[in-house]
Amino acid sequence: MNEIKSYKDLLIWKKGITIVKLVYQLVKTFPQEEMYALSSQLKRASISISSNIAEGFGRNTDKSFSHFLDIARGSLFEIETQLIIAKELDFITNLELFQELLNQIEEESKMINAFSKTLKANH
């Protein structure tokens, strides 16, 4: 972790920001009555990814960082589940965007797993 100057240099943090933007774009088309339910949950969970990566980085220990990466990964699975629910409820009209988001989630999960293994190998 010594060669990384800021959490903003991390590709996993940057991809997390991309996921937030895609989630916000997707939920714009959800029914109005979902604004405080599923839309809100998806937004909070997506924001949690990069936020936990940043917080973990700020803790300055690999063990603590690894813990926060686990939380970020949990948020990814939460988003994926909520997207499946939204699709089942016919809230998702843009299937291209839906698929892009699922692809980004899968990539982010793999990247977090690899990064986490590197951290755990260091202690």
# chains A, B, ... in the order shown; residues from 1 in each chain; ligands from 1
$ residues_around --residues "Phe115 in chain A" --least-positions-apart "2" --cutoff "10 Å" --atoms "only C-alpha atoms" --output "PDB file with C-alpha atoms, in the first residue's frame"
ATOM      1  CA  LEU A  10      -7.091   3.016  -6.795  1.00  0.00           C
ATOM      2  CA  LEU A  11      -8.892   1.514  -9.788  1.00  0.00           C
ATOM      3  CA  ILE A  12     -11.356  -0.180  -7.419  1.00  0.00           C
ATOM      4  CA  SER A  66      -9.145  -5.609   4.077  1.00  0.00           C
ATOM      5  CA  LEU A  69     -12.991  -4.090   1.260  1.00  0.00           C
ATOM      6  CA  SER A 109     -16.000  -7.785  -7.412  1.00  0.00           C
ATOM      7  CA  LYS A 110     -13.073  -9.524  -9.142  1.00  0.00           C
ATOM      8  CA  MET A 111     -10.871  -6.454  -8.699  1.00  0.00           C
ATOM      9  CA  ILE A 112     -11.708  -6.158  -4.992  1.00  0.00           C
ATOM     10  CA  ASN A 113     -11.043  -9.878  -4.498  1.00  0.00           C
ATOM     11  CA  LYS A 117      -5.710 -11.117  -1.571  1.00  0.00           C
ATOM     12  CA  THR A 118      -2.713  -8.840  -2.112  1.00  0.00           C
ATOM     13  CA  LEU A 119      -3.361  -7.075   1.201  1.00  0.00           C
ATOM     14  CA  LYS A 120      -3.794 -10.351   3.083  1.00  0.00           C
ATOM     15  CA  ALA A 121      -0.563 -11.688   1.582  1.00  0.00           C
TER      16      ALA A 121
END
$ residues_around --residues "Lys28 in chain A" --least-positions-apart "2" --cutoff "12 Å" --atoms "only C-alpha atoms" --output "MDAnalysis selection string"
chainID A and resid 21:26 30:35 38:40 42:43 91:94 97
$ write_last_selection --atoms "N, CA and C atoms" --output "CSV table (one decimal), in the first residue's frame"
chain,number,residue,atom,x,y,z
A,21,LYS,N,-22.6,6.2,-10.6
A,21,LYS,CA,-23.2,7.0,-11.7
A,21,LYS,C,-24.2,6.2,-12.5
A,22,LEU,N,-23.9,4.9,-12.8
A,22,LEU,CA,-24.8,4.0,-13.5
A,22,LEU,C,-26.0,3.7,-12.7
A,23,VAL,N,-25.9,3.5,-11.4
A,23,VAL,CA,-27.1,3.3,-10.6
A,23,VAL,C,-28.0,4.5,-10.6
A,24,TYR,N,-27.4,5.7,-10.4
A,24,TYR,CA,-28.2,6.9,-10.5
A,24,TYR,C,-29.0,7.1,-11.8
A,25,GLN,N,-28.3,6.8,-12.9
A,25,GLN,CA,-28.9,6.9,-14.2
A,25,GLN,C,-30.0,5.9,-14.3
A,26,LEU,N,-29.8,4.7,-13.8
A,26,LEU,CA,-30.8,3.6,-14.0
A,26,LEU,C,-32.1,3.9,-13.1
A,30,PHE,N,-37.2,4.6,-12.6
A,30,PHE,CA,-38.1,3.8,-11.7
A,30,PHE,C,-39.4,4.6,-11.4
A,31,PRO,N,-40.4,3.9,-11.0
A,31,PRO,CA,-41.7,4.6,-10.7
A,31,PRO,C,-41.5,5.5,-9.5
A,32,GLN,N,-42.2,6.6,-9.5
A,32,GLN,CA,-42.1,7.7,-8.5
A,32,GLN,C,-42.2,7.1,-7.1
A,33,GLU,N,-43.1,6.2,-6.9
A,33,GLU,CA,-43.4,5.6,-5.6
A,33,GLU,C,-42.2,4.8,-5.0
A,34,GLU,N,-41.2,4.5,-5.9
A,34,GLU,CA,-40.0,3.8,-5.5
A,34,GLU,C,-38.9,4.7,-5.0
A,35,MET,N,-39.1,6.0,-5.1
A,35,MET,CA,-38.1,7.0,-4.8
A,35,MET,C,-37.5,6.8,-3.4
A,38,LEU,N,-36.7,1.2,-3.1
A,38,LEU,CA,-35.7,0.5,-3.8
A,38,LEU,C,-34.6,1.5,-4.4
A,39,SER,N,-35.1,2.6,-5.0
A,39,SER,CA,-34.2,3.6,-5.5
A,39,SER,C,-33.2,4.1,-4.5
A,40,SER,N,-33.7,4.4,-3.3
A,40,SER,CA,-32.9,4.9,-2.2
A,40,SER,C,-31.9,3.9,-1.8
A,42,LEU,N,-30.7,1.3,-3.5
A,42,LEU,CA,-29.6,1.2,-4.5
A,42,LEU,C,-28.6,2.3,-4.5
A,43,LYS,N,-29.1,3.5,-4.3
A,43,LYS,CA,-28.2,4.6,-4.3
A,43,LYS,C,-27.3,4.5,-3.1
A,91,PHE,N,-39.3,-2.7,-13.1
A,91,PHE,CA,-38.9,-1.3,-12.9
A,91,PHE,C,-37.8,-0.9,-13.9
A,92,ILE,N,-37.1,-1.8,-14.5
A,92,ILE,CA,-36.0,-1.6,-15.3
A,92,ILE,C,-36.5,-1.6,-16.8
A,93,THR,N,-36.3,-0.5,-17.4
A,93,THR,CA,-36.7,-0.4,-18.8
A,93,THR,C,-35.5,-0.4,-19.8
A,94,ASN,N,-34.4,0.1,-19.3
A,94,ASN,CA,-33.2,0.1,-20.1
A,94,ASN,C,-32.3,-1.1,-19.8
A,97,LEU,N,-28.4,-0.7,-20.1
A,97,LEU,CA,-27.8,-0.1,-18.9
A,97,LEU,C,-27.8,-1.1,-17.7
$ select_by_dssp --residues "chain A" --states "alpha helix (DSSP H)" --output "MDAnalysis selection string"
chainID A and resid 11:27 38:58 62:88 95:121
$ write_last_selection --atoms "C-alpha atoms" --output "PDB file, in the first residue's frame"
ATOM      1  CA  LEU A  11      -8.892   1.514  -9.788  1.00  0.00           C
ATOM      2  CA  ILE A  12     -11.356  -0.180  -7.419  1.00  0.00           C
ATOM      3  CA  TRP A  13     -12.315   3.237  -6.037  1.00  0.00           C
ATOM      4  CA  LYS A  14     -12.710   4.701  -9.561  1.00  0.00           C
ATOM      5  CA  LYS A  15     -14.857   1.769 -10.714  1.00  0.00           C
ATOM      6  CA  GLY A  16     -16.989   2.241  -7.590  1.00  0.00           C
ATOM      7  CA  ILE A  17     -17.667   5.822  -8.687  1.00  0.00           C
ATOM      8  CA  THR A  18     -18.634   4.541 -12.151  1.00  0.00           C
ATOM      9  CA  ILE A  19     -21.115   2.145 -10.531  1.00  0.00           C
ATOM     10  CA  VAL A  20     -22.679   5.021  -8.550  1.00  0.00           C
ATOM     11  CA  LYS A  21     -23.199   7.011 -11.744  1.00  0.00           C
ATOM     12  CA  LEU A  22     -24.757   4.030 -13.530  1.00  0.00           C
ATOM     13  CA  VAL A  23     -27.073   3.306 -10.589  1.00  0.00           C
ATOM     14  CA  TYR A  24     -28.243   6.927 -10.464  1.00  0.00           C
ATOM     15  CA  GLN A  25     -28.858   6.852 -14.216  1.00  0.00           C
ATOM     16  CA  LEU A  26     -30.848   3.618 -13.966  1.00  0.00           C
ATOM     17  CA  VAL A  27     -33.079   4.566 -11.028  1.00  0.00           C
ATOM     18  CA  LEU A  38     -35.654   0.490  -3.804  1.00  0.00           C
ATOM     19  CA  SER A  39     -34.196   3.575  -5.536  1.00  0.00           C
ATOM     20  CA  SER A  40     -32.907   4.901  -2.248  1.00  0.00           C
ATOM     21  CA  GLN A  41     -31.481   1.515  -1.224  1.00  0.00           C
ATOM     22  CA  LEU A  42     -29.646   1.158  -4.543  1.00  0.00           C
ATOM     23  CA  LYS A  43     -28.188   4.646  -4.271  1.00  0.00           C
ATOM     24  CA  ARG A  44     -26.993   4.145  -0.686  1.00  0.00           C
ATOM     25  CA  ALA A  45     -25.459   0.747  -1.435  1.00  0.00           C
ATOM     26  CA  SER A  46     -23.669   2.083  -4.516  1.00  0.00           C
ATOM     27  CA  ILE A  47     -22.266   5.049  -2.597  1.00  0.00           C
ATOM     28  CA  SER A  48     -21.078   2.628   0.077  1.00  0.00           C
ATOM     29  CA  ILE A  49     -18.618   0.892  -2.271  1.00  0.00           C
ATOM     30  CA  SER A  50     -16.172   3.747  -2.892  1.00  0.00           C
ATOM     31  CA  SER A  51     -16.853   5.206   0.552  1.00  0.00           C
ATOM     32  CA  ASN A  52     -15.704   2.014   2.270  1.00  0.00           C
ATOM     33  CA  ILE A  53     -12.677   1.743  -0.001  1.00  0.00           C
ATOM     34  CA  ALA A  54     -11.713   5.307   0.944  1.00  0.00           C
ATOM     35  CA  GLU A  55     -12.346   4.719   4.646  1.00  0.00           C
ATOM     36  CA  GLY A  56     -10.358   1.491   4.634  1.00  0.00           C
ATOM     37  CA  PHE A  57      -7.460   3.204   2.888  1.00  0.00           C
ATOM     38  CA  GLY A  58      -7.525   5.908   5.543  1.00  0.00           C
ATOM     39  CA  ASP A  62      -3.746  -3.708   5.640  1.00  0.00           C
ATOM     40  CA  LYS A  63      -5.929  -5.669   8.061  1.00  0.00           C
ATOM     41  CA  SER A  64      -8.346  -2.785   8.540  1.00  0.00           C
ATOM     42  CA  PHE A  65      -8.336  -1.977   4.828  1.00  0.00           C
ATOM     43  CA  SER A  66      -9.145  -5.609   4.077  1.00  0.00           C
ATOM     44  CA  HIS A  67     -12.147  -5.422   6.436  1.00  0.00           C
ATOM     45  CA  PHE A  68     -13.522  -2.378   4.625  1.00  0.00           C
ATOM     46  CA  LEU A  69     -12.991  -4.090   1.260  1.00  0.00           C
ATOM     47  CA  ASP A  70     -15.167  -6.936   2.563  1.00  0.00           C
ATOM     48  CA  ILE A  71     -17.892  -4.402   3.360  1.00  0.00           C
ATOM     49  CA  ALA A  72     -17.565  -2.856  -0.123  1.00  0.00           C
ATOM     50  CA  ARG A  73     -17.892  -6.320  -1.677  1.00  0.00           C
ATOM     51  CA  GLY A  74     -21.013  -6.913   0.407  1.00  0.00           C
ATOM     52  CA  SER A  75     -22.490  -3.710  -1.000  1.00  0.00           C
ATOM     53  CA  LEU A  76     -21.846  -5.001  -4.522  1.00  0.00           C
ATOM     54  CA  PHE A  77     -23.859  -8.145  -3.786  1.00  0.00           C
ATOM     55  CA  GLU A  78     -26.575  -6.016  -2.209  1.00  0.00           C
ATOM     56  CA  ILE A  79     -26.825  -3.899  -5.378  1.00  0.00           C
ATOM     57  CA  GLU A  80     -26.874  -6.964  -7.603  1.00  0.00           C
ATOM     58  CA  THR A  81     -29.739  -8.451  -5.568  1.00  0.00           C
ATOM     59  CA  GLN A  82     -31.683  -5.190  -5.617  1.00  0.00           C
ATOM     60  CA  LEU A  83     -31.215  -4.896  -9.384  1.00  0.00           C
ATOM     61  CA  ILE A  84     -32.596  -8.398  -9.862  1.00  0.00           C
ATOM     62  CA  ILE A  85     -35.598  -7.477  -7.700  1.00  0.00           C
ATOM     63  CA  ALA A  86     -36.137  -4.253  -9.678  1.00  0.00           C
ATOM     64  CA  LYS A  87     -36.015  -6.196 -12.934  1.00  0.00           C
ATOM     65  CA  GLU A  88     -38.464  -8.803 -11.618  1.00  0.00           C
ATOM     66  CA  LEU A  95     -31.838  -3.430 -20.405  1.00  0.00           C
ATOM     67  CA  GLU A  96     -28.527  -2.264 -21.898  1.00  0.00           C
ATOM     68  CA  LEU A  97     -27.829  -0.098 -18.880  1.00  0.00           C
ATOM     69  CA  PHE A  98     -28.951  -2.923 -16.573  1.00  0.00           C
ATOM     70  CA  GLN A  99     -26.508  -5.340 -18.236  1.00  0.00           C
ATOM     71  CA  GLU A 100     -23.692  -2.773 -18.190  1.00  0.00           C
ATOM     72  CA  LEU A 101     -24.236  -2.303 -14.479  1.00  0.00           C
ATOM     73  CA  LEU A 102     -24.163  -6.056 -13.839  1.00  0.00           C
ATOM     74  CA  ASN A 103     -20.916  -6.278 -15.848  1.00  0.00           C
ATOM     75  CA  GLN A 104     -19.353  -3.432 -13.859  1.00  0.00           C
ATOM     76  CA  ILE A 105     -20.398  -5.114 -10.595  1.00  0.00           C
ATOM     77  CA  GLU A 106     -18.807  -8.386 -11.689  1.00  0.00           C
ATOM     78  CA  GLU A 107     -15.564  -6.639 -12.694  1.00  0.00           C
ATOM     79  CA  GLU A 108     -15.471  -4.638  -9.455  1.00  0.00           C
ATOM     80  CA  SER A 109     -16.000  -7.785  -7.412  1.00  0.00           C
ATOM     81  CA  LYS A 110     -13.073  -9.524  -9.142  1.00  0.00           C
ATOM     82  CA  MET A 111     -10.871  -6.454  -8.699  1.00  0.00           C
ATOM     83  CA  ILE A 112     -11.708  -6.158  -4.992  1.00  0.00           C
ATOM     84  CA  ASN A 113     -11.043  -9.878  -4.498  1.00  0.00           C
ATOM     85  CA  ALA A 114      -7.620  -9.595  -6.149  1.00  0.00           C
ATOM     86  CA  PHE A 115      -6.721  -6.446  -4.209  1.00  0.00           C
ATOM     87  CA  SER A 116      -7.866  -8.024  -0.955  1.00  0.00           C
ATOM     88  CA  LYS A 117      -5.710 -11.117  -1.571  1.00  0.00           C
ATOM     89  CA  THR A 118      -2.713  -8.840  -2.112  1.00  0.00           C
ATOM     90  CA  LEU A 119      -3.361  -7.075   1.201  1.00  0.00           C
ATOM     91  CA  LYS A 120      -3.794 -10.351   3.083  1.00  0.00           C
ATOM     92  CA  ALA A 121      -0.563 -11.688   1.582  1.00  0.00           C
TER      93      ALA A 121
END
